[in-house]
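Content type mmCIF, C-alpha atoms (C1' of nucleotides), from the file entry-v8.cif:
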data_target
loop_
_atom_site.label_atom_id
_atom_site.label_comp_id
_atom_site.auth_asym_id
_atom_site.auth_seq_id
_atom_site.Cartn_x
_atom_site.Cartn_y
_atom_site.Cartn_z
CA MET A 1 -153.72 97.51 84.30
CA PRO A 2 -150.62 97.15 82.09
CA ARG A 3 -147.87 99.50 83.10
CA GLN A 4 -146.64 101.91 80.43
CA PRO A 5 -142.98 101.66 79.43
CA LYS A 6 -140.65 103.96 81.32
CA THR A 7 -139.66 105.86 78.17
CA TYR A 8 -143.25 106.96 77.67
CA ILE A 9 -143.24 108.85 80.96
CA LYS A 10 -139.75 110.21 80.34
CA ILE A 11 -140.98 111.73 77.09
CA LEU A 12 -143.95 113.40 78.77
CA GLU A 13 -141.76 114.82 81.51
CA ALA A 14 -139.17 116.10 79.04
CA ALA A 15 -141.82 117.66 76.80
CA LEU A 16 -143.74 119.58 79.47
CA PRO A 17 -141.14 122.24 80.34
CA LEU A 18 -140.51 122.76 76.63
CA PHE A 19 -144.19 123.28 75.78
CA ALA A 20 -144.52 125.55 78.80
CA ALA A 21 -141.60 127.73 77.75
CA TYR A 22 -142.01 127.84 73.96
CA GLY A 23 -145.58 126.77 73.18
CA TYR A 24 -146.81 123.98 70.89
CA LYS A 25 -145.46 125.45 67.66
CA GLY A 26 -142.26 126.58 69.33
CA VAL A 27 -141.21 123.03 70.16
CA ALA A 28 -140.01 120.59 67.47
CA MET A 29 -140.19 116.83 67.83
CA ARG A 30 -136.39 116.92 67.55
CA ASP A 31 -136.27 119.23 70.60
CA ILE A 32 -138.26 116.78 72.71
CA ALA A 33 -136.21 113.86 71.47
CA ARG A 34 -132.97 115.63 72.36
CA ALA A 35 -134.26 116.35 75.88
CA VAL A 36 -135.07 112.64 76.33
CA GLY A 37 -131.82 111.45 74.77
CA ILE A 38 -133.30 109.63 71.76
CA THR A 39 -134.00 110.56 68.13
CA ALA A 40 -137.19 112.10 66.82
CA ALA A 41 -138.11 108.93 64.94
CA ALA A 42 -138.16 106.96 68.19
CA LEU A 43 -140.88 109.23 69.58
CA TYR A 44 -143.28 107.73 67.04
CA ASN A 45 -143.01 104.34 68.77
CA HIS A 46 -144.83 105.93 71.71
CA PHE A 47 -147.14 108.52 70.14
CA PRO A 48 -148.86 108.56 66.73
CA ASN A 49 -148.10 112.23 66.15
CA LYS A 50 -147.05 115.51 67.78
CA GLU A 51 -150.58 116.56 68.65
CA GLN A 52 -151.23 113.39 70.66
CA LEU A 53 -147.90 113.71 72.45
CA HIS A 54 -148.86 117.25 73.44
CA TYR A 55 -152.33 116.20 74.57
CA LYS A 56 -151.05 113.30 76.66
CA ALA A 57 -148.39 115.53 78.21
CA LEU A 58 -151.05 118.04 79.31
CA GLU A 59 -153.24 115.25 80.65
CA TYR A 60 -150.28 113.93 82.63
CA ALA A 61 -149.43 117.40 83.97
CA PHE A 62 -152.96 118.17 85.11
CA ALA A 63 -153.82 114.75 86.54
CA GLN A 64 -154.38 114.58 90.28
CA LYS A 65 -153.51 118.23 90.74
CA VAL A 66 -156.65 118.93 92.77
CA GLU A 67 -157.44 115.61 94.41
CA HIS A 68 -156.49 116.76 97.90
CA LEU A 69 -158.59 119.89 97.90
CA SER A 70 -161.74 118.25 99.28
CA ALA A 71 -159.88 117.16 102.38
CA ILE A 72 -158.35 120.62 102.77
CA LEU A 73 -161.72 122.34 102.66
CA ALA A 74 -163.68 119.69 104.58
CA GLU A 75 -162.09 120.28 107.95
CA THR A 76 -164.38 121.97 110.39
CA ASP A 77 -163.25 125.53 110.71
CA THR A 78 -164.47 129.06 110.06
CA SER A 79 -165.35 130.11 106.50
CA GLN A 80 -162.59 132.65 106.60
CA ASP A 81 -159.98 130.03 107.39
CA ARG A 82 -161.31 127.71 104.70
CA LEU A 83 -161.14 130.57 102.18
CA SER A 84 -157.55 131.25 103.19
CA ARG A 85 -156.65 127.60 102.76
CA PHE A 86 -158.23 127.57 99.30
CA VAL A 87 -156.23 130.60 98.17
CA LEU A 88 -153.05 129.07 99.55
CA PHE A 89 -153.83 125.77 97.81
CA TRP A 90 -154.30 127.49 94.45
CA VAL A 91 -151.13 129.54 94.86
CA GLU A 92 -149.09 126.44 95.65
CA SER A 93 -150.69 124.21 93.00
CA PHE A 94 -150.96 126.56 90.04
CA GLY A 95 -149.30 129.89 90.76
CA ASP A 96 -145.95 128.90 92.19
CA ASN A 97 -145.40 126.13 89.65
CA VAL A 98 -144.02 127.94 86.60
CA ILE A 99 -144.52 124.99 84.25
CA ILE A 100 -148.13 124.25 85.19
CA ARG A 101 -148.97 127.95 85.19
CA SER A 102 -147.44 128.57 81.75
CA LEU A 103 -149.19 125.53 80.30
CA LEU A 104 -152.54 126.75 81.62
CA GLN A 105 -151.82 130.25 80.34
CA ARG A 106 -151.02 129.03 76.82
CA GLU A 107 -154.01 126.68 76.74
CA MET A 108 -156.37 129.52 77.65
CA ALA A 109 -154.93 131.63 74.85
CA ASP A 110 -155.15 128.87 72.24
CA ALA A 111 -158.65 127.85 73.40
CA ASP A 112 -158.70 124.53 71.59
CA PRO A 113 -162.06 122.86 72.40
CA ALA A 114 -160.69 119.37 73.12
CA ARG A 115 -158.02 120.74 75.44
CA MET A 116 -160.50 123.14 77.11
CA LYS A 117 -162.49 120.04 78.01
CA LEU A 118 -159.35 118.46 79.46
CA LEU A 119 -158.74 121.51 81.63
CA VAL A 120 -162.27 121.60 82.95
CA GLU A 121 -162.47 117.89 83.67
CA HIS A 122 -159.14 117.68 85.46
CA ILE A 123 -159.05 121.02 87.25
CA TYR A 124 -162.15 123.19 87.45
CA GLN A 125 -164.94 120.60 87.55
CA PRO A 126 -163.51 118.52 90.43
CA VAL A 127 -163.03 121.55 92.69
CA PHE A 128 -166.11 123.56 91.84
CA ASP A 129 -168.62 121.93 94.21
CA ASP A 130 -166.37 122.27 97.24
CA VAL A 131 -165.44 125.84 96.39
CA ALA A 132 -169.02 126.80 95.53
CA ASP A 133 -170.11 125.68 99.00
CA LEU A 134 -167.60 128.14 100.36
CA MET A 135 -168.64 130.88 97.93
CA LYS A 136 -172.29 130.52 98.91
CA GLU A 137 -171.38 131.74 102.36
CA ALA A 138 -170.52 135.08 100.80
CA SER A 139 -173.24 137.45 101.91
CA GLY A 140 -172.77 140.24 99.39
CA GLY A 141 -175.14 138.68 96.88
CA LEU A 142 -172.15 137.57 94.86
CA ASN A 143 -172.78 134.83 92.32
CA PRO A 144 -170.79 131.60 93.05
CA HIS A 145 -169.74 131.11 89.42
CA LEU A 146 -168.43 134.65 89.02
CA LEU A 147 -166.82 134.55 92.44
CA PHE A 148 -165.09 131.29 91.58
CA VAL A 149 -163.56 132.89 88.48
CA SER A 150 -162.66 136.04 90.43
CA VAL A 151 -160.73 134.20 93.13
CA ILE A 152 -158.82 132.07 90.64
CA GLY A 153 -158.10 135.07 88.45
CA LEU A 154 -156.87 137.06 91.39
CA VAL A 155 -154.35 134.35 92.20
CA MET A 156 -153.25 133.52 88.67
CA TYR A 157 -152.80 137.06 87.38
CA HIS A 158 -150.30 137.94 90.07
CA PHE A 159 -148.09 135.09 88.86
CA GLU A 160 -148.73 135.73 85.18
CA MET A 161 -147.52 139.28 85.81
CA SER A 162 -144.18 138.10 87.15
CA PRO A 163 -142.20 138.76 83.94
CA LEU A 164 -143.59 142.30 83.98
CA ARG A 165 -143.77 143.14 87.65
CA LYS A 166 -140.30 144.61 87.99
CA LEU A 167 -141.12 147.15 85.27
CA ILE A 168 -144.30 148.38 86.94
CA PRO A 169 -144.11 151.37 89.32
CA GLY A 170 -144.15 150.64 93.02
CA TYR A 171 -142.43 147.29 92.61
CA LEU A 172 -140.66 145.87 95.62
CA PRO A 173 -138.82 142.51 95.54
CA GLU A 174 -140.91 141.14 98.41
CA GLN A 175 -143.99 141.43 96.18
CA ASP A 176 -142.69 138.54 94.12
CA SER A 177 -142.99 136.21 97.12
CA SER A 178 -145.89 133.80 97.16
CA ASP A 179 -146.58 134.46 100.85
CA HIS A 180 -146.85 138.17 100.26
CA ILE A 181 -149.23 137.71 97.32
CA THR A 182 -151.31 135.17 99.22
CA GLN A 183 -151.77 137.48 102.18
CA HIS A 184 -152.69 140.39 99.92
CA ILE A 185 -155.36 138.36 98.13
CA ILE A 186 -156.89 136.98 101.31
CA SER A 187 -157.03 140.46 102.78
CA LEU A 188 -158.63 141.89 99.64
CA LEU A 189 -161.20 139.10 99.47
CA LYS A 190 -162.18 139.39 103.10
CA ASN A 191 -162.53 143.12 103.37
CA GLY A 192 -162.57 144.59 99.90
CA ILE A 193 -160.82 147.86 99.18
CA LEU A 194 -162.50 149.80 101.99
CA LEU A 195 -162.31 153.13 100.19
CA ASP A 196 -162.70 156.37 102.06
CA LYS A 197 -166.25 157.46 101.60
CA SER A 198 -165.03 160.94 100.58
CA MET B 1 -159.99 165.00 55.73
CA PRO B 2 -160.23 161.21 55.31
CA ARG B 3 -157.04 159.96 53.77
CA GLN B 4 -156.66 156.51 52.19
CA PRO B 5 -154.62 154.37 54.58
CA LYS B 6 -151.11 153.70 53.45
CA THR B 7 -150.20 150.09 52.73
CA TYR B 8 -148.02 150.16 55.84
CA ILE B 9 -151.04 150.74 58.07
CA LYS B 10 -153.17 148.30 56.13
CA ILE B 11 -150.57 145.60 56.80
CA LEU B 12 -150.56 146.32 60.55
CA GLU B 13 -154.34 146.21 60.71
CA ALA B 14 -154.52 142.98 58.73
CA ALA B 15 -151.82 141.34 60.84
CA LEU B 16 -153.24 142.14 64.27
CA PRO B 17 -156.31 139.86 64.25
CA LEU B 18 -154.17 137.06 62.84
CA PHE B 19 -151.51 137.36 65.55
CA ALA B 20 -154.26 137.60 68.16
CA ALA B 21 -155.97 134.43 66.98
CA TYR B 22 -153.00 132.21 66.06
CA GLY B 23 -149.93 133.68 67.77
CA TYR B 24 -146.60 134.75 66.27
CA LYS B 25 -145.55 131.31 65.03
CA GLY B 26 -149.07 130.44 63.95
CA VAL B 27 -149.14 133.22 61.36
CA ALA B 28 -147.12 133.00 58.14
CA MET B 29 -146.02 136.04 56.15
CA ARG B 30 -148.14 134.58 53.34
CA ASP B 31 -151.21 134.74 55.62
CA ILE B 32 -150.70 138.42 56.35
CA ALA B 33 -150.03 139.16 52.68
CA ARG B 34 -153.22 137.36 51.65
CA ALA B 35 -155.25 139.36 54.17
CA VAL B 36 -153.86 142.59 52.73
CA GLY B 37 -154.22 141.51 49.12
CA ILE B 38 -150.55 141.49 48.14
CA THR B 39 -147.81 138.85 48.03
CA ALA B 40 -145.46 137.96 50.87
CA ALA B 41 -142.48 139.43 49.06
CA ALA B 42 -144.16 142.85 48.98
CA LEU B 43 -144.29 142.92 52.78
CA TYR B 44 -140.53 143.26 52.80
CA ASN B 45 -140.82 146.69 51.17
CA HIS B 46 -142.41 147.87 54.42
CA PHE B 47 -140.75 145.79 57.11
CA PRO B 48 -137.24 144.28 57.26
CA ASN B 49 -138.53 140.97 58.68
CA LYS B 50 -141.41 139.22 60.38
CA GLU B 51 -140.27 140.08 63.88
CA GLN B 52 -140.29 143.82 63.14
CA LEU B 53 -143.69 143.59 61.50
CA HIS B 54 -145.00 141.89 64.64
CA TYR B 55 -143.41 144.45 66.94
CA LYS B 56 -144.75 147.41 64.98
CA ALA B 57 -148.20 145.84 64.86
CA LEU B 58 -148.23 145.51 68.67
CA GLU B 59 -146.98 149.06 69.07
CA TYR B 60 -149.76 150.27 66.79
CA ALA B 61 -152.39 148.25 68.67
CA PHE B 62 -151.35 149.48 72.09
CA ALA B 63 -150.78 153.13 71.17
CA GLN B 64 -153.11 155.68 72.75
CA LYS B 65 -155.17 152.96 74.42
CA VAL B 66 -155.01 154.66 77.82
CA GLU B 67 -154.65 158.33 76.99
CA HIS B 68 -158.14 159.25 78.16
CA LEU B 69 -157.90 157.60 81.56
CA SER B 70 -156.51 160.65 83.36
CA ALA B 71 -159.53 162.70 82.39
CA ILE B 72 -161.87 159.91 83.44
CA LEU B 73 -160.32 159.64 86.90
CA ALA B 74 -159.66 163.36 87.42
CA GLU B 75 -163.26 164.43 87.76
CA THR B 76 -164.25 165.36 91.26
CA ASP B 77 -166.33 162.55 92.63
CA THR B 78 -166.29 159.93 95.38
CA SER B 79 -163.50 157.34 95.47
CA GLN B 80 -166.06 154.63 94.96
CA ASP B 81 -167.32 156.19 91.75
CA ARG B 82 -163.82 156.74 90.47
CA LEU B 83 -163.01 153.10 91.19
CA SER B 84 -166.12 152.03 89.28
CA ARG B 85 -165.14 154.17 86.34
CA PHE B 86 -161.64 152.65 86.30
CA VAL B 87 -163.02 149.10 86.26
CA LEU B 88 -165.43 150.03 83.48
CA PHE B 89 -162.62 151.68 81.52
CA TRP B 90 -160.44 148.58 81.73
CA VAL B 91 -163.31 146.29 80.77
CA GLU B 92 -164.09 148.37 77.70
CA SER B 93 -160.48 148.97 76.67
CA PHE B 94 -158.92 145.57 77.26
CA GLY B 95 -161.54 143.00 78.25
CA ASP B 96 -164.27 143.50 75.69
CA ASN B 97 -161.84 143.90 72.81
CA VAL B 98 -161.00 140.31 71.84
CA ILE B 99 -158.04 141.26 69.67
CA ILE B 100 -156.31 143.50 72.20
CA ARG B 101 -157.01 141.05 74.99
CA SER B 102 -155.63 138.06 73.09
CA LEU B 103 -152.53 140.00 72.07
CA LEU B 104 -151.88 140.96 75.68
CA GLN B 105 -152.53 137.40 76.81
CA ARG B 106 -150.05 135.94 74.31
CA GLU B 107 -147.43 138.57 75.08
CA MET B 108 -147.60 137.78 78.79
CA ALA B 109 -147.11 134.09 78.04
CA ASP B 110 -144.17 134.66 75.69
CA ALA B 111 -142.59 137.21 78.04
CA ASP B 112 -140.13 138.60 75.50
CA PRO B 113 -138.17 141.38 77.25
CA ALA B 114 -138.38 143.95 74.43
CA ARG B 115 -142.12 143.46 74.07
CA MET B 116 -142.64 143.49 77.86
CA LYS B 117 -141.09 146.94 77.79
CA LEU B 118 -143.51 147.97 75.05
CA LEU B 119 -146.47 146.80 77.13
CA VAL B 120 -145.35 148.65 80.20
CA GLU B 121 -144.52 151.89 78.41
CA HIS B 122 -147.78 152.02 76.44
CA ILE B 123 -150.22 150.61 78.95
CA TYR B 124 -149.20 150.13 82.57
CA GLN B 125 -146.77 153.00 83.11
CA PRO B 126 -149.07 155.79 81.81
CA VAL B 127 -151.98 154.73 84.01
CA PHE B 128 -150.18 153.75 87.18
CA ASP B 129 -149.89 157.16 88.85
CA ASP B 130 -153.56 157.97 88.43
CA VAL B 131 -154.65 154.55 89.58
CA ALA B 132 -152.19 154.48 92.46
CA ASP B 133 -153.71 157.71 93.77
CA LEU B 134 -157.01 155.91 93.85
CA MET B 135 -155.49 152.79 95.43
CA LYS B 136 -153.91 154.82 98.21
CA GLU B 137 -157.37 155.67 99.44
CA ALA B 138 -157.84 152.01 100.28
CA SER B 139 -157.75 151.79 104.05
CA GLY B 140 -157.10 148.07 104.47
CA GLY B 141 -153.35 148.50 104.42
CA LEU B 142 -153.31 147.14 100.90
CA ASN B 143 -150.20 147.88 98.88
CA PRO B 144 -150.86 150.05 95.78
CA HIS B 145 -148.69 147.93 93.49
CA LEU B 146 -150.33 144.65 94.50
CA LEU B 147 -153.78 146.22 94.42
CA PHE B 148 -153.12 147.56 90.92
CA VAL B 149 -152.29 144.05 89.70
CA SER B 150 -155.27 142.60 91.57
CA VAL B 151 -157.81 144.93 89.98
CA ILE B 152 -156.44 144.41 86.48
CA GLY B 153 -156.24 140.65 86.99
CA LEU B 154 -159.78 140.54 88.26
CA VAL B 155 -161.00 142.20 85.08
CA MET B 156 -158.80 140.37 82.59
CA TYR B 157 -159.28 136.85 83.92
CA HIS B 158 -163.03 136.97 83.52
CA PHE B 159 -162.55 137.65 79.83
CA GLU B 160 -159.68 135.20 79.42
CA MET B 161 -162.01 132.56 80.86
CA SER B 162 -164.62 133.14 78.16
CA PRO B 163 -163.70 130.11 76.02
CA LEU B 164 -164.03 127.98 79.16
CA ARG B 165 -166.86 129.58 81.03
CA LYS B 166 -169.68 127.55 79.47
CA LEU B 167 -168.02 124.36 80.67
CA ILE B 168 -167.73 125.46 84.29
CA PRO B 169 -170.56 124.61 86.71
CA GLY B 170 -173.01 127.33 87.57
CA TYR B 171 -172.65 129.02 84.20
CA LEU B 172 -175.45 131.27 83.06
CA PRO B 173 -175.39 133.11 79.69
CA GLU B 174 -175.82 136.48 81.37
CA GLN B 175 -172.44 135.96 83.06
CA ASP B 176 -170.78 136.47 79.69
CA SER B 177 -172.00 140.05 79.54
CA SER B 178 -169.52 142.81 80.26
CA ASP B 179 -172.02 144.72 82.38
CA HIS B 180 -172.63 141.72 84.58
CA ILE B 181 -168.92 141.09 85.05
CA THR B 182 -168.23 144.76 85.72
CA GLN B 183 -170.87 144.95 88.42
CA HIS B 184 -169.61 141.77 90.05
CA ILE B 185 -166.03 143.07 90.19
CA ILE B 186 -167.01 146.46 91.57
CA SER B 187 -169.14 144.81 94.23
CA LEU B 188 -166.33 142.42 95.18
CA LEU B 189 -163.77 145.21 95.36
CA LYS B 190 -165.93 147.48 97.47
CA ASN B 191 -167.14 144.98 100.03
CA GLY B 192 -165.05 141.86 99.77
CA ILE B 193 -166.62 138.46 100.18
CA LEU B 194 -168.31 139.24 103.52
CA LEU B 195 -168.16 135.67 104.74
CA ASP B 196 -170.34 134.50 107.58
CA LYS B 197 -168.20 134.53 110.64
CA SER B 198 -169.33 130.96 111.43
"C1'" DG C 1 -143.96 148.76 45.09
"C1'" DT C 2 -145.47 144.71 43.40
"C1'" DC C 3 -144.76 140.67 41.05
"C1'" DT C 4 -142.67 135.60 39.97
"C1'" DA C 5 -139.34 132.43 41.08
"C1'" DT C 6 -136.57 130.27 44.11
"C1'" DA C 7 -132.87 129.59 47.60
"C1'" DG C 8 -132.02 127.61 52.00
"C1'" DC C 9 -133.64 125.90 56.00
"C1'" DC C 10 -136.69 123.54 59.26
"C1'" DT C 11 -140.64 120.65 60.07
"C1'" DG C 12 -143.51 116.30 60.96
"C1'" DA C 13 -143.51 111.92 59.64
"C1'" DT C 14 -142.07 107.31 57.27
"C1'" DA C 15 -139.10 103.18 55.68
"C1'" DG C 16 -136.20 99.80 56.73
"C1'" DA C 17 -131.77 97.96 59.04
"C1'" DC C 18 -130.41 96.25 63.51
"C1'" DG D 1 -137.40 100.27 70.41
"C1'" DT D 2 -133.93 102.78 68.46
"C1'" DC D 3 -131.29 104.04 64.83
"C1'" DT D 4 -129.96 106.38 59.97
"C1'" DA D 5 -131.62 108.23 55.94
"C1'" DT D 6 -134.90 110.61 53.65
"C1'" DC D 7 -139.07 112.75 51.83
"C1'" DA D 8 -142.65 116.17 51.03
"C1'" DG D 9 -144.20 120.35 52.42
"C1'" DG D 10 -143.95 124.73 54.81
"C1'" DC D 11 -141.31 128.61 56.30
"C1'" DT D 12 -138.62 133.32 55.93
"C1'" DA D 13 -136.27 135.97 53.04
"C1'" DT D 14 -133.90 137.45 48.62
"C1'" DA D 15 -133.13 138.45 43.44
"C1'" DG D 16 -134.43 140.58 39.63
"C1'" DA D 17 -138.13 141.81 36.08
"C1'" DC D 18 -141.64 145.31 35.43
#

Target format structure tokens, applied to this file:
Amino acid sequence: MPRQPKTYIKILEAALPLFAAYGYKGVAMRDIARAVGITAAALYNHFPNKEQLHYKALEYAFAQKVEHLSAILAETDTSQDRLSRFVLFWVESFGDNVIIRSLLQREMADADPARMKLLVEHIYQPVFDDVADLMKEASGGLNPHLLFVSVIGLVMYHFEMSPLRKLIPGYLPEQDSSDHITQHIISLLKNGILLDKS
Amino acid sequence: MPRQPKTYIKILEAALPLFAAYGYKGVAMRDIARAVGITAAALYNHFPNKEQLHYKALEYAFAQKVEHLSAILAETDTSQDRLSRFVLFWVESFGDNVIIRSLLQREMADADPARMKLLVEHIYQPVFDDVADLMKEASGGLNPHLLFVSVIGLVMYHFEMSPLRKLIPGYLPEQDSSDHITQHIISLLKNGILLDKS
DNA sequence: GTCTATAGCCTGATAGAC
DNA sequence: GTCTATCAGGCTATAGAC
């Protein structure tokens, strides 16, 4: 396997935070070039066009993000503990990381078919079987597919809300902490809301 | 007395689906003008610039979206039924409606402070007190603020996942239906995952 | 209020010297 | 591989006729 030139990787790593913060259309080739320390024309020695640069940057960002999950869930332990470890894994891998989270968020909104495929192949597909095994132990008749989306959504939305959270009633600074959010989600998943039967 | 919509309103209503589908930068003033049936220059008789047009369009889209919630939650009934009605309300108001949902999704990603304020004042602030009353009946020690975000996230993420859902293992067409999603969420909230204690 | 015409700027991308 | 120079096209916004 021929190793890619160092500049190639530098470009990807400079482009990712820009795409995360401003979106595809919000970032000019000149912006990426400036962040790398070269001119825009030089970018075209490494990528045929802006779209490919963007695609390769996403591929680079999402690669190997979930490869350790199997090991994390495989350990012999109670279902409850494995569920907790999954939530924690997702918080640390996709919630806490502002760049990865923003990229995912923007990709979901744009919904480009080719990039949807990228997302599924690198992130959701490789984890689904392990997680579905866990979900099947749910005894409330809950469907594994829907439960999979629910757990991920529960994690991601708390972080997507971060720019808004301070403006919502009942906000306390500690609710921005990942640990606090993680514990809340695990508790909610395990027990539900447990409403008074009044 | 049906009155012919003023051009001002026609512009807002033509702009909203465009902003929802392509984002702020993805929509040109010419595109909006074409959708209305006038030229781009004529837009400037109604709005000082593109940014104001966008802001007023969002304000128009989000106005009065939640005004009926109080009545829906005020009826004397069990907590469980009131919770179900809240989930159903949010699904119908913000999940099912592709335009509103996409606008919200893009606003959260862009996180512009002025527009965050708009979101909170028109949507989250007016519903929080009613919903928090409901959340306080949760007996798992769950914090009302975090629970509020959890319930909303649970609803919204299922719909945000729609462009991806078909590509995720375990997908069945019926899982795209709002009723199916609503029932899943209510069941999850009420009982939790109920894992085997193995 | 709407039009045509256009200013002024920014954009992705290319050509060719080094 | 990187540079400078540049192009063609798209963008927001304005000017002035009607």

Hits of the PyMOL selection byres ((chain A) within 12 of (chain D)) in this structure, as a count of residues only: 15

Picked residues, the PyMOL selection byres ((chain C) within 9 of (chain A)), expected as a CSV table (one decimal) with C-alpha atoms (C1' of nucleotides), in the coordinates of the input:
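After the write, selection-v5.csv holds the following:
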chain,number,residue,atom,x,y,z
C,11,DT,C1',-140.6,120.6,60.1
C,12,DG,C1',-143.5,116.3,61.0
C,13,DA,C1',-143.5,111.9,59.6
C,14,DT,C1',-142.1,107.3,57.3

Centre, x/y/z edge lengths, axis-aligned box for region 3-15 of chain C with 6 Å per side, as JSON:
{"center_x": -138.4, "center_y": 121.9, "center_z": 50.5, "size_x": 24.7, "size_y": 49.5, "size_z": 33.0}

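Proximity ranking of B:His68, B:Tyr22, B:Leu53, B:Phe94 relative to chain A places B:Tyr22 first, based on only C-alpha atoms.
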
Ordered Cα pairing of chain B with chain A, RMSD after least-squares superposition: 2.0 Å

Test item: which residues lie within 8 Å of (-158.4, 147.8, 97.6) counting only C-alpha atoms (C1' of nucleotides), as a compact mmCIF listing (two decimals) with C-alpha atoms, in the frame of the given file:
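Wrote point37.txt, looks like this:
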# COMPACT_ATOMS: atom_id res chain seq x y z
CA LEU A 188 -158.63 141.89 99.64
CA GLY A 192 -162.57 144.59 99.90
CA ILE A 193 -160.82 147.86 99.18
CA LEU A 194 -162.50 149.80 101.99
CA LEU A 195 -162.31 153.13 100.19
CA MET B 135 -155.49 152.79 95.43
CA ALA B 138 -157.84 152.01 100.28
CA SER B 139 -157.75 151.79 104.05
CA GLY B 140 -157.10 148.07 104.47
CA LEU B 142 -153.31 147.14 100.90
CA LEU B 147 -153.78 146.22 94.42
CA LEU B 189 -163.77 145.21 95.36
CA LYS B 190 -165.93 147.48 97.47

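Considering all atoms listed in the file, the residue among B:Met108, B:Val98, B:Leu18, B:Ile72 positioned nearest to chain A is B:Met108.
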
Expected answer as a ChimeraX atom specification: chain A residues within 7 Å of chain B, all atoms listed in the file: /A:25,78-80,102,105-106,108-109,111,116,120,124-125,128,137-140,142,145,149-150,153-154,157-158,160,163-164,167-171,184,188-198

Just the selected residues (C-alpha atoms), exported as a PDB file, in the coordinates of the input, please.
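Output saved as out03.pdb:
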ATOM      1  CA  LYS A  25    -145.460 125.450  67.660  1.00  0.00           C
ATOM      2  CA  THR A  78    -164.470 129.060 110.060  1.00  0.00           C
ATOM      3  CA  SER A  79    -165.350 130.110 106.500  1.00  0.00           C
ATOM      4  CA  GLN A  80    -162.590 132.650 106.600  1.00  0.00           C
ATOM      5  CA  SER A 102    -147.440 128.570  81.750  1.00  0.00           C
ATOM      6  CA  GLN A 105    -151.820 130.250  80.340  1.00  0.00           C
ATOM      7  CA  ARG A 106    -151.020 129.030  76.820  1.00  0.00           C
ATOM      8  CA  MET A 108    -156.370 129.520  77.650  1.00  0.00           C
ATOM      9  CA  ALA A 109    -154.930 131.630  74.850  1.00  0.00           C
ATOM     10  CA  ALA A 111    -158.650 127.850  73.400  1.00  0.00           C
ATOM     11  CA  MET A 116    -160.500 123.140  77.110  1.00  0.00           C
ATOM     12  CA  VAL A 120    -162.270 121.600  82.950  1.00  0.00           C
ATOM     13  CA  TYR A 124    -162.150 123.190  87.450  1.00  0.00           C
ATOM     14  CA  GLN A 125    -164.940 120.600  87.550  1.00  0.00           C
ATOM     15  CA  PHE A 128    -166.110 123.560  91.840  1.00  0.00           C
ATOM     16  CA  GLU A 137    -171.380 131.740 102.360  1.00  0.00           C
ATOM     17  CA  ALA A 138    -170.520 135.080 100.800  1.00  0.00           C
ATOM     18  CA  SER A 139    -173.240 137.450 101.910  1.00  0.00           C
ATOM     19  CA  GLY A 140    -172.770 140.240  99.390  1.00  0.00           C
ATOM     20  CA  LEU A 142    -172.150 137.570  94.860  1.00  0.00           C
ATOM     21  CA  HIS A 145    -169.740 131.110  89.420  1.00  0.00           C
ATOM     22  CA  VAL A 149    -163.560 132.890  88.480  1.00  0.00           C
ATOM     23  CA  SER A 150    -162.660 136.040  90.430  1.00  0.00           C
ATOM     24  CA  GLY A 153    -158.100 135.070  88.450  1.00  0.00           C
ATOM     25  CA  LEU A 154    -156.870 137.060  91.390  1.00  0.00           C
ATOM     26  CA  TYR A 157    -152.800 137.060  87.380  1.00  0.00           C
ATOM     27  CA  HIS A 158    -150.300 137.940  90.070  1.00  0.00           C
ATOM     28  CA  GLU A 160    -148.730 135.730  85.180  1.00  0.00           C
ATOM     29  CA  PRO A 163    -142.200 138.760  83.940  1.00  0.00           C
ATOM     30  CA  LEU A 164    -143.590 142.300  83.980  1.00  0.00           C
ATOM     31  CA  LEU A 167    -141.120 147.150  85.270  1.00  0.00           C
ATOM     32  CA  ILE A 168    -144.300 148.380  86.940  1.00  0.00           C
ATOM     33  CA  PRO A 169    -144.110 151.370  89.320  1.00  0.00           C
ATOM     34  CA  GLY A 170    -144.150 150.640  93.020  1.00  0.00           C
ATOM     35  CA  TYR A 171    -142.430 147.290  92.610  1.00  0.00           C
ATOM     36  CA  HIS A 184    -152.690 140.390  99.920  1.00  0.00           C
ATOM     37  CA  LEU A 188    -158.630 141.890  99.640  1.00  0.00           C
ATOM     38  CA  LEU A 189    -161.200 139.100  99.470  1.00  0.00           C
ATOM     39  CA  LYS A 190    -162.180 139.390 103.100  1.00  0.00           C
ATOM     40  CA  ASN A 191    -162.530 143.120 103.370  1.00  0.00           C
ATOM     41  CA  GLY A 192    -162.570 144.590  99.900  1.00  0.00           C
ATOM     42  CA  ILE A 193    -160.820 147.860  99.180  1.00  0.00           C
ATOM     43  CA  LEU A 194    -162.500 149.800 101.990  1.00  0.00           C
ATOM     44  CA  LEU A 195    -162.310 153.130 100.190  1.00  0.00           C
ATOM     45  CA  ASP A 196    -162.700 156.370 102.060  1.00  0.00           C
ATOM     46  CA  LYS A 197    -166.250 157.460 101.600  1.00  0.00           C
ATOM     47  CA  SER A 198    -165.030 160.940 100.580  1.00  0.00           C
TER      48      SER A 198
END

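Take CA of Val127 (chain B) and CA of Ser70 (chain B): the distance between them is 7.5 Å.
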
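As for CA of Ala15 (chain A) and CA of Trp90 (chain A), they are spaced 23.7 Å apart.
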
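We find CA of Leu69 (chain B) and CA of Ala57 (chain B) to be spaced 22.6 Å apart.
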
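Nearest residue to Val87 (chain A), choosing from A:Val131, A:Ile100, A:Leu118, A:Ala61 and counting only C-alpha atoms: A:Val131.
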